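Pasting target_34.txt here (compact mmCIF, C-alpha atoms):
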```
# COMPACT_ATOMS: atom_id res chain seq x y z
CA MET A 1 12.13 -7.25 56.32
CA GLN A 2 11.89 -9.23 53.07
CA GLN A 3 14.48 -11.67 54.33
CA LEU A 4 12.51 -12.22 57.55
CA VAL A 5 9.31 -12.91 55.60
CA TYR A 6 11.19 -15.20 53.20
CA GLN A 7 12.71 -17.19 56.08
CA SER A 8 9.38 -17.55 57.87
CA VAL A 9 7.58 -18.73 54.72
CA ASN A 10 10.33 -21.09 53.56
CA SER A 11 11.20 -22.48 56.97
CA LYS A 12 11.34 -26.28 57.13
CA GLN A 13 10.36 -26.33 60.80
CA SER A 14 6.81 -27.23 61.63
CA VAL A 15 5.02 -25.07 64.14
CA GLN A 16 2.29 -26.65 66.22
CA LEU A 17 -0.02 -24.87 68.60
CA ASP A 18 -0.81 -26.86 71.71
CA VAL A 19 -3.25 -24.87 73.78
CA GLU A 20 -3.29 -27.20 76.77
CA GLY A 21 0.31 -28.42 76.67
CA TYR A 22 3.51 -27.15 78.15
CA ASP A 23 7.00 -28.47 77.45
CA ASN A 24 8.62 -28.09 80.87
CA TYR A 25 6.60 -29.17 83.90
CA SER A 26 9.56 -28.80 86.25
CA ASP A 27 9.22 -25.03 86.66
CA GLN A 28 6.47 -23.15 88.51
CA LEU A 29 4.48 -22.15 85.39
CA GLY A 30 4.41 -25.74 84.13
CA ARG A 31 3.19 -27.09 87.48
CA GLU A 32 0.48 -24.41 87.68
CA GLN A 33 -0.77 -25.24 84.17
CA LEU A 34 -0.73 -28.97 84.95
CA ALA A 35 -2.68 -28.47 88.19
CA SER A 36 -5.15 -26.15 86.46
CA LYS A 37 -5.80 -28.67 83.69
CA ALA A 38 -6.25 -31.45 86.24
CA GLN A 39 -8.82 -29.37 88.16
CA ARG A 40 -10.70 -28.19 85.05
CA VAL A 41 -10.61 -31.24 82.77
CA VAL A 42 -9.15 -34.46 84.15
CA ILE A 43 -10.82 -34.78 87.56
CA PRO A 44 -14.35 -33.75 86.45
CA GLY A 45 -14.12 -36.05 83.43
CA TYR A 46 -12.94 -38.96 85.53
CA LEU A 47 -15.70 -38.41 88.12
CA ALA A 48 -18.32 -38.24 85.35
CA ARG A 49 -17.13 -41.58 84.00
CA ILE A 50 -17.20 -43.14 87.49
CA LEU A 51 -20.79 -41.91 87.95
CA ARG A 52 -21.76 -43.34 84.56
CA GLU A 53 -20.28 -46.75 85.36
CA LEU A 54 -21.95 -46.85 88.78
CA THR A 55 -25.29 -45.96 87.19
CA ILE A 56 -24.87 -48.77 84.65
CA ILE A 57 -23.99 -51.25 87.42
CA ARG A 58 -26.90 -50.11 89.59
CA THR A 59 -29.61 -50.01 86.90
CA GLY A 60 -28.30 -52.54 84.41
CA GLN A 61 -29.03 -50.12 81.57
CA ASP A 62 -26.80 -47.88 79.49
CA ALA A 63 -26.45 -44.37 80.91
CA PRO A 64 -25.32 -41.19 79.17
CA LEU A 65 -22.14 -39.41 80.16
CA LEU A 66 -23.15 -36.31 82.14
CA GLU A 67 -21.40 -32.95 81.97
CA TYR A 68 -21.94 -29.76 83.93
CA ASN A 69 -23.72 -26.93 82.16
CA TYR A 70 -22.49 -23.65 83.64
CA ARG A 71 -25.34 -21.65 82.06
CA SER A 72 -28.12 -23.64 83.74
CA ASN A 73 -26.07 -24.79 86.77
CA LYS A 74 -27.21 -28.38 86.22
CA PHE A 75 -25.75 -31.65 85.00
CA THR A 76 -26.84 -32.61 81.51
CA THR A 77 -25.94 -35.03 78.74
CA SER A 78 -23.21 -34.17 76.25
CA ALA A 79 -25.78 -33.90 73.44
CA ASN A 80 -27.94 -31.43 75.38
CA LEU A 81 -24.89 -29.41 76.39
CA THR A 82 -23.82 -29.16 72.74
CA LYS A 83 -27.32 -28.02 71.75
CA ASP A 84 -27.34 -25.40 74.51
CA ILE A 85 -23.94 -24.06 73.49
CA LEU A 86 -25.04 -23.90 69.85
CA LYS A 87 -28.26 -22.09 70.75
CA SER A 88 -26.45 -19.56 72.94
CA ALA A 89 -23.68 -18.95 70.39
CA VAL A 90 -25.82 -18.79 67.25
CA GLY A 91 -29.31 -18.07 68.56
CA GLN A 92 -32.45 -20.23 68.42
CA ARG A 93 -33.84 -18.58 65.29
CA ASN A 94 -30.53 -18.96 63.45
CA VAL A 95 -30.23 -22.63 64.48
CA GLN A 96 -33.63 -23.33 62.89
CA THR A 97 -32.63 -21.39 59.76
CA ILE A 98 -29.39 -23.37 59.43
CA ARG A 99 -31.28 -26.65 59.93
CA ASN A 100 -33.78 -25.70 57.21
CA LEU A 101 -31.00 -24.70 54.82
CA GLY A 102 -29.21 -28.00 55.42
CA THR A 103 -32.37 -30.02 54.78
CA SER A 104 -33.07 -28.01 51.65
CA ALA A 105 -29.53 -28.56 50.37
CA LEU A 106 -29.76 -32.32 50.98
CA GLN A 107 -33.09 -32.50 49.18
CA THR A 108 -31.69 -30.52 46.25
CA ALA A 109 -28.71 -32.86 46.06
CA GLY A 110 -31.05 -35.85 46.11
CA MET A 111 -29.53 -37.27 49.27
CA PHE A 112 -32.65 -36.92 51.41
CA GLN A 113 -35.64 -38.41 49.63
CA THR A 114 -38.83 -40.21 50.56
CA ASN A 115 -39.21 -43.76 49.32
CA LYS A 116 -42.45 -43.71 47.31
CA LEU A 117 -43.22 -47.37 48.09
CA THR A 118 -42.76 -47.36 51.84
CA GLY A 119 -43.24 -43.66 52.63
CA GLN A 120 -40.05 -43.63 54.74
CA ARG A 121 -37.19 -41.21 54.30
CA ASP A 122 -33.97 -42.67 52.92
```
Could I get this file's structure written as structure tokens?
Amino acid sequence: MQQLVYQSVNSKQSVQLDVEGYDNYSDQLGREQLASKAQRVVIPGYLARILRELTIIRTGQDAPLLEYNYRSNKFTTSANLTKDILKSAVGQRNVQTIRNLGTSALQTAGMFQTNKLTGQRD
């Protein structure tokens, strides 16, 4: 047992974890993982970028990249999706507490101050 632990700790090989990758796409498992990733990630991402570009061409203004929010069953911006995920994972009350703690820490460190001449925050 000690030898096994010693070999695993002192091994020169690097171990990398690739959640989405697979080394051999020629077998059935590799093709299934490749097709699944294409359906879940690649195609929706590509369609979202096409929609964004068409919106920019049509309106002449910059448009946000839209993503699908499975909780609300609507398309939303990436920023709003991130906020929704944070609120659902942490909770609204905890998000506000974390925000207040961060602001307090920045003020204590002197990195978030009000300019006394202009009244604007630096």
ask   = Do you know which residues lie at most 12 Å from (-29.3, -27.7, 74.9), with coordinates as in the file and only C-alpha atoms counted, and could you write them as an NGL selection string?
value = :A and (67-72 or 74-89 or 91-92 or 95)
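Taking CA of Gly45 (chain A) as the reference point, CA of Leu29 (chain A) is found at 23.3 Å.
In this structure, CA of Lys37 (chain A) sits 12.4 Å away from CA of Tyr25 (chain A).
One finds CA of Val42 (chain A) at 22.7 Å from CA of Asp62 (chain A).
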